[in-house]
Amino acid sequence: MIVPEALEFDRIRRLVAAEARSEAAVGRILRQEPSTDEAELRGTLHVVEAMARRIAGGTAGPGGSAPDLRPAFEALSVEGAQLEPDQLGSFVAVASLRSEYLAWLKGDDLPDELRSLLEGFAAPEPLLAEVARHITPSGEIVEKALPELARFRSLIAENYRRLQRESASLMREAGNRYRESGATIRDGRTVLPLSANFRGRVEGIVHELSGSGNTVFVEPPELVVLNNERVALENEIHMVIRALIRRLSRALRSEADALARMHEHLVSVDTLYARARYSIAVDGRRPDAGAAIHVERARHPLLGATCVPVDVDFPEDTRVLVVSGPNTGGKTVLLKTLGLIAAMHQFGLLVPVGEGSVLPVFDYIGVDVGDAQSIDRSLSTFSAHLRTLAEIIDRATPRSLVLLDELGTGTDPDEAAALTTAYVDRLLEISPFALITTHQTVLKHYGYTHEGVQNASMEYDRENHRPTYRVISGTPGSSYAIDTAEQQGFPTEIVRAARAYSAGTHTNVAEIIARLTEREKELDGRLIEARRVEEEAEERRRVLEQREARIAAEELELRREGLRELRTVAQEARKSVEKAVRELRETERRTDDAEAEGRAREKIRAVEERVSAEESRVLHLTKITAGPDPETADEPIGPGDSVVHRSTGGEGTVRSIRGTRAEVQFGAMRMTVALQDLLRRTPEPARQSRAISIETPRSSGSVALEVDLRGMRLEEALTELERRLDSALVSGQRVLSVIHGTGTGVLQKGVHQALAVHPAVSSFAYALPEHGGHGCTQVLLK
């Protein structure tokens, strides 16, 4: 699909191409046209959107660049042909860019849309590494990779020193025959500057005469041998380099097909990457797919941040939208914005529109904007418009978008009205989406009298006599030509006379339009109020959901605490059972006293009953009597809040709020998600603040006020300390004495480190000297 020049889409192409990293991708972007294949476009937009999220999340993309490999591939297609060093360097640059993309596309968090791109980067790695070992990206030879080159360079350096010594000696012996400027180079050979007066008196080969004719550059016989030696060494170097180039060219030719596939994939990925970067620059988003046009807060991408967002909505069963209103009120910008956004969307770009926007995929965009008159082709303004309109009506289909600016201008108003009415009739028969801007009253009436046609207008502030650039759907607008003329500096006397003429001849159409506009404003106010009430109800629902989720999370944590406590009780029970068994065996070996045996067995039964009671205690740990924090439960989520995503469980920080959606930083990735999908992440409350109803006997045992860790290894001691802290919390105890002794200080240090990070510890300090001093630590629980 070719986009009409009037939309200035080429400027968008150039801006996208500037974001590409390879020359081939730049050329491809500048040649590409928007796609009309819905399936292909959907896949492209998903990849571009995933790339944009990755870039916005802070994962830096490639920073290098690469030339176009097509000239090198053309050279390789000729059997026996050798590449030039700069062409070999092109392969190195492309391989480097490929490595950058592979590094950018790594990571466990890589979405499936981007993971699929890795497959096409397959390439002969050893060959690319071999080329890069000998050639730089700029095409220079890496001489340290060729030992023979280093040897020849050393011999050339020695030859140069010998030439300098011999030249100096000859000049000293010849006295004033040679110029003081010393030896120089001509045609790659060392020569001496001989005064012209001594020409023919000194033996040697003449290479050049100076411009003034005063100096003859001579190569004496003594220098000929050394110069020949230098030339021979340079030829050796040249032969080594040509042999390297020949070898690398043969190797690349053998892998040309694989390299071409890799290069093609790299260029494709680079074009997508360029689209993603430009999409971020315009703050673009992917519109929803649909059969209607509903664009919210659309911004013209070439007008910058000062552009006023506009809404374009084709109501259900509407195919033609007739937009009227004041001159300089934004009608043409509205038309171009819709056309440009449609073209960008089908070019695979995220477009600058608001959330909830819907765009179809068009098979053709027909545009008639501006003055296309041509003196060379004998076309007037009106004739040029007619030619364009005829082409549009010939190519339009029900899947097309037609944009017509100031339809019917440039000729007799009455005839133009008849012609434009017939033209819109034909558009309705073909049924494309059509946005038409006009000042003609007949088209404003047309919107009220025909099915499939909707009026709209650009709002005008009558009190301040200036446009607001807001689109009012459902009502036509007045042109306010006299007000516009006054604003543009028209002479006051002419404006006054125009108002007098208008007052005497003006029909009541403008008054009807004004009343309809005021009615539209009133209805808009009611709609805004209804939306506010709806948003408040939605907010209350969200708060209730957050409260339920928080209660569920607390209940889950309490169950986890109960399981940890059960494990501790089971360990204690096991120790008690083992001790009772030992006592029973001792009793059996020592005496046959039935009474002692009964006591031992009674201990076992008591322990078993205690374990059973504790199991019942955890099973009944379900009723949470403490409600949510009233100070934060009803507060909406705002910037800076820590949140958890309901579906994924990902934790992040809110950066900004836009309506019902929030921009959240999840680690390195920044995403926009619905507020209703987020839960506020609150700090874990102190454990003793939870009131739990537990059905268990009171005689299940009491918690000791101190724990003695002496004689234990550090790991064993920390486990015992954790168990005792948990038991103290469950029993409501706030003070615990931890006896660790002094010894080597390892146990003491480990205990203090554990207490410092424990969430239930409020503070701790060494005990008083009479209570153990540095061998005991007093712990205050929250």
# chains A, B, ... in the order shown; residues from 1 in each chain; ligands from 1
>>> residues_around(residues="Val312 (chain A)", least_positions_apart="6", cutoff="10 Å", atoms="only C-alpha atoms", output="list in words")
Ile293, His294, Val295, Glu296, Arg297, Ala298, Leu321, Leu334, Leu335, Thr337, Leu338, Ser357, Leu435, Ala456, Val471, Ile472 and Ser473 of chain A
>>> residues_around(residues="Tyr423 (chain A)", least_positions_apart="6", cutoff="12 Å", atoms="only C-alpha atoms", output="PyMOL selection string")
chain A and resi 320+386+389-390+392-394+404+407-408+416-417+429-430+434+436+443+446
>>> write_last_selection(atoms="N, CA and C atoms", output="PDB file, in the first residue's frame")
ATOM      1  N   VAL A 320     -19.115   7.391   7.215  1.00  0.00           N
ATOM      2  CA  VAL A 320     -18.646   8.711   6.798  1.00  0.00           C
ATOM      3  C   VAL A 320     -18.783   9.669   7.981  1.00  0.00           C
ATOM      4  N   LEU A 386     -10.252  17.347  -8.670  1.00  0.00           N
ATOM      5  CA  LEU A 386     -11.125  16.401  -9.372  1.00  0.00           C
ATOM      6  C   LEU A 386     -10.365  15.145  -9.791  1.00  0.00           C
ATOM      7  N   LEU A 389      -9.826  13.066  -6.666  1.00  0.00           N
ATOM      8  CA  LEU A 389     -11.082  12.478  -6.205  1.00  0.00           C
ATOM      9  C   LEU A 389     -11.520  11.321  -7.106  1.00  0.00           C
ATOM     10  N   ALA A 390     -11.285  11.456  -8.419  1.00  0.00           N
ATOM     11  CA  ALA A 390     -11.655  10.383  -9.342  1.00  0.00           C
ATOM     12  C   ALA A 390     -10.812   9.135  -9.075  1.00  0.00           C
ATOM     13  N   ILE A 392      -9.457   8.300  -6.212  1.00  0.00           N
ATOM     14  CA  ILE A 392      -9.877   7.731  -4.932  1.00  0.00           C
ATOM     15  C   ILE A 392     -11.135   6.892  -5.104  1.00  0.00           C
ATOM     16  N   ILE A 393     -12.108   7.415  -5.795  1.00  0.00           N
ATOM     17  CA  ILE A 393     -13.384   6.686  -5.945  1.00  0.00           C
ATOM     18  C   ILE A 393     -13.180   5.423  -6.767  1.00  0.00           C
ATOM     19  N   ASP A 394     -12.163   5.434  -7.638  1.00  0.00           N
ATOM     20  CA  ASP A 394     -11.883   4.263  -8.474  1.00  0.00           C
ATOM     21  C   ASP A 394     -11.197   3.156  -7.673  1.00  0.00           C
ATOM     22  N   LEU A 404     -10.660  13.398   2.985  1.00  0.00           N
ATOM     23  CA  LEU A 404     -10.914  14.493   2.053  1.00  0.00           C
ATOM     24  C   LEU A 404     -10.966  15.807   2.820  1.00  0.00           C
ATOM     25  N   LEU A 407     -13.778  19.370   0.978  1.00  0.00           N
ATOM     26  CA  LEU A 407     -14.414  18.831  -0.229  1.00  0.00           C
ATOM     27  C   LEU A 407     -15.324  19.881  -0.856  1.00  0.00           C
ATOM     28  N   GLY A 408     -15.165  20.064  -2.167  1.00  0.00           N
ATOM     29  CA  GLY A 408     -16.049  20.959  -2.900  1.00  0.00           C
ATOM     30  C   GLY A 408     -15.578  22.386  -3.005  1.00  0.00           C
ATOM     31  N   ALA A 416     -20.783  23.081  -6.694  1.00  0.00           N
ATOM     32  CA  ALA A 416     -19.926  22.273  -5.835  1.00  0.00           C
ATOM     33  C   ALA A 416     -20.759  21.471  -4.847  1.00  0.00           C
ATOM     34  N   ALA A 417     -21.846  22.078  -4.327  1.00  0.00           N
ATOM     35  CA  ALA A 417     -22.706  21.371  -3.380  1.00  0.00           C
ATOM     36  C   ALA A 417     -23.342  20.148  -4.035  1.00  0.00           C
ATOM     37  N   GLU A 429     -22.113   4.063  -1.145  1.00  0.00           N
ATOM     38  CA  GLU A 429     -22.337   2.811  -1.859  1.00  0.00           C
ATOM     39  C   GLU A 429     -21.121   1.888  -1.754  1.00  0.00           C
ATOM     40  N   ILE A 430     -19.929   2.470  -1.891  1.00  0.00           N
ATOM     41  CA  ILE A 430     -18.695   1.667  -1.790  1.00  0.00           C
ATOM     42  C   ILE A 430     -18.433   1.275  -0.348  1.00  0.00           C
ATOM     43  N   ALA A 434     -14.651   7.087   5.697  1.00  0.00           N
ATOM     44  CA  ALA A 434     -14.315   8.366   5.082  1.00  0.00           C
ATOM     45  C   ALA A 434     -14.419   9.478   6.128  1.00  0.00           C
ATOM     46  N   ILE A 436     -14.331  13.508   6.195  1.00  0.00           N
ATOM     47  CA  ILE A 436     -14.437  14.644   5.273  1.00  0.00           C
ATOM     48  C   ILE A 436     -14.533  15.921   6.086  1.00  0.00           C
ATOM     49  N   LEU A 443     -23.384  19.686   3.226  1.00  0.00           N
ATOM     50  CA  LEU A 443     -22.805  18.472   3.794  1.00  0.00           C
ATOM     51  C   LEU A 443     -23.137  18.358   5.285  1.00  0.00           C
ATOM     52  N   TYR A 446     -26.397  16.908   5.301  1.00  0.00           N
ATOM     53  CA  TYR A 446     -26.301  15.526   4.822  1.00  0.00           C
ATOM     54  C   TYR A 446     -26.108  14.561   5.995  1.00  0.00           C
TER      55      TYR A 446
END
>>> residues_around(residues="Leu714 (chain A)", least_positions_apart="5", cutoff="9 Å", atoms="only C-alpha atoms", output="list in words")
Leu709, Thr719, Val746, Leu747, Gly750 and Val751 of chain A
>>> write_last_selection(atoms="C-alpha atoms", output="PDB file, in the first residue's frame")
ATOM      1  CA  LEU A 709      22.998 -22.635  73.566  1.00  0.00           C
ATOM      2  CA  THR A 719      18.192 -23.592  64.662  1.00  0.00           C
ATOM      3  CA  VAL A 746      31.995 -17.424  67.436  1.00  0.00           C
ATOM      4  CA  LEU A 747      28.675 -18.463  68.985  1.00  0.00           C
ATOM      5  CA  GLY A 750      26.547 -15.649  65.194  1.00  0.00           C
ATOM      6  CA  VAL A 751      23.662 -15.179  67.659  1.00  0.00           C
TER       7      VAL A 751
END
>>> atom_distance(atom1="CA of Gly139 (chain A)", atom2="CA of Leu88 (chain A)")
6.3 Å
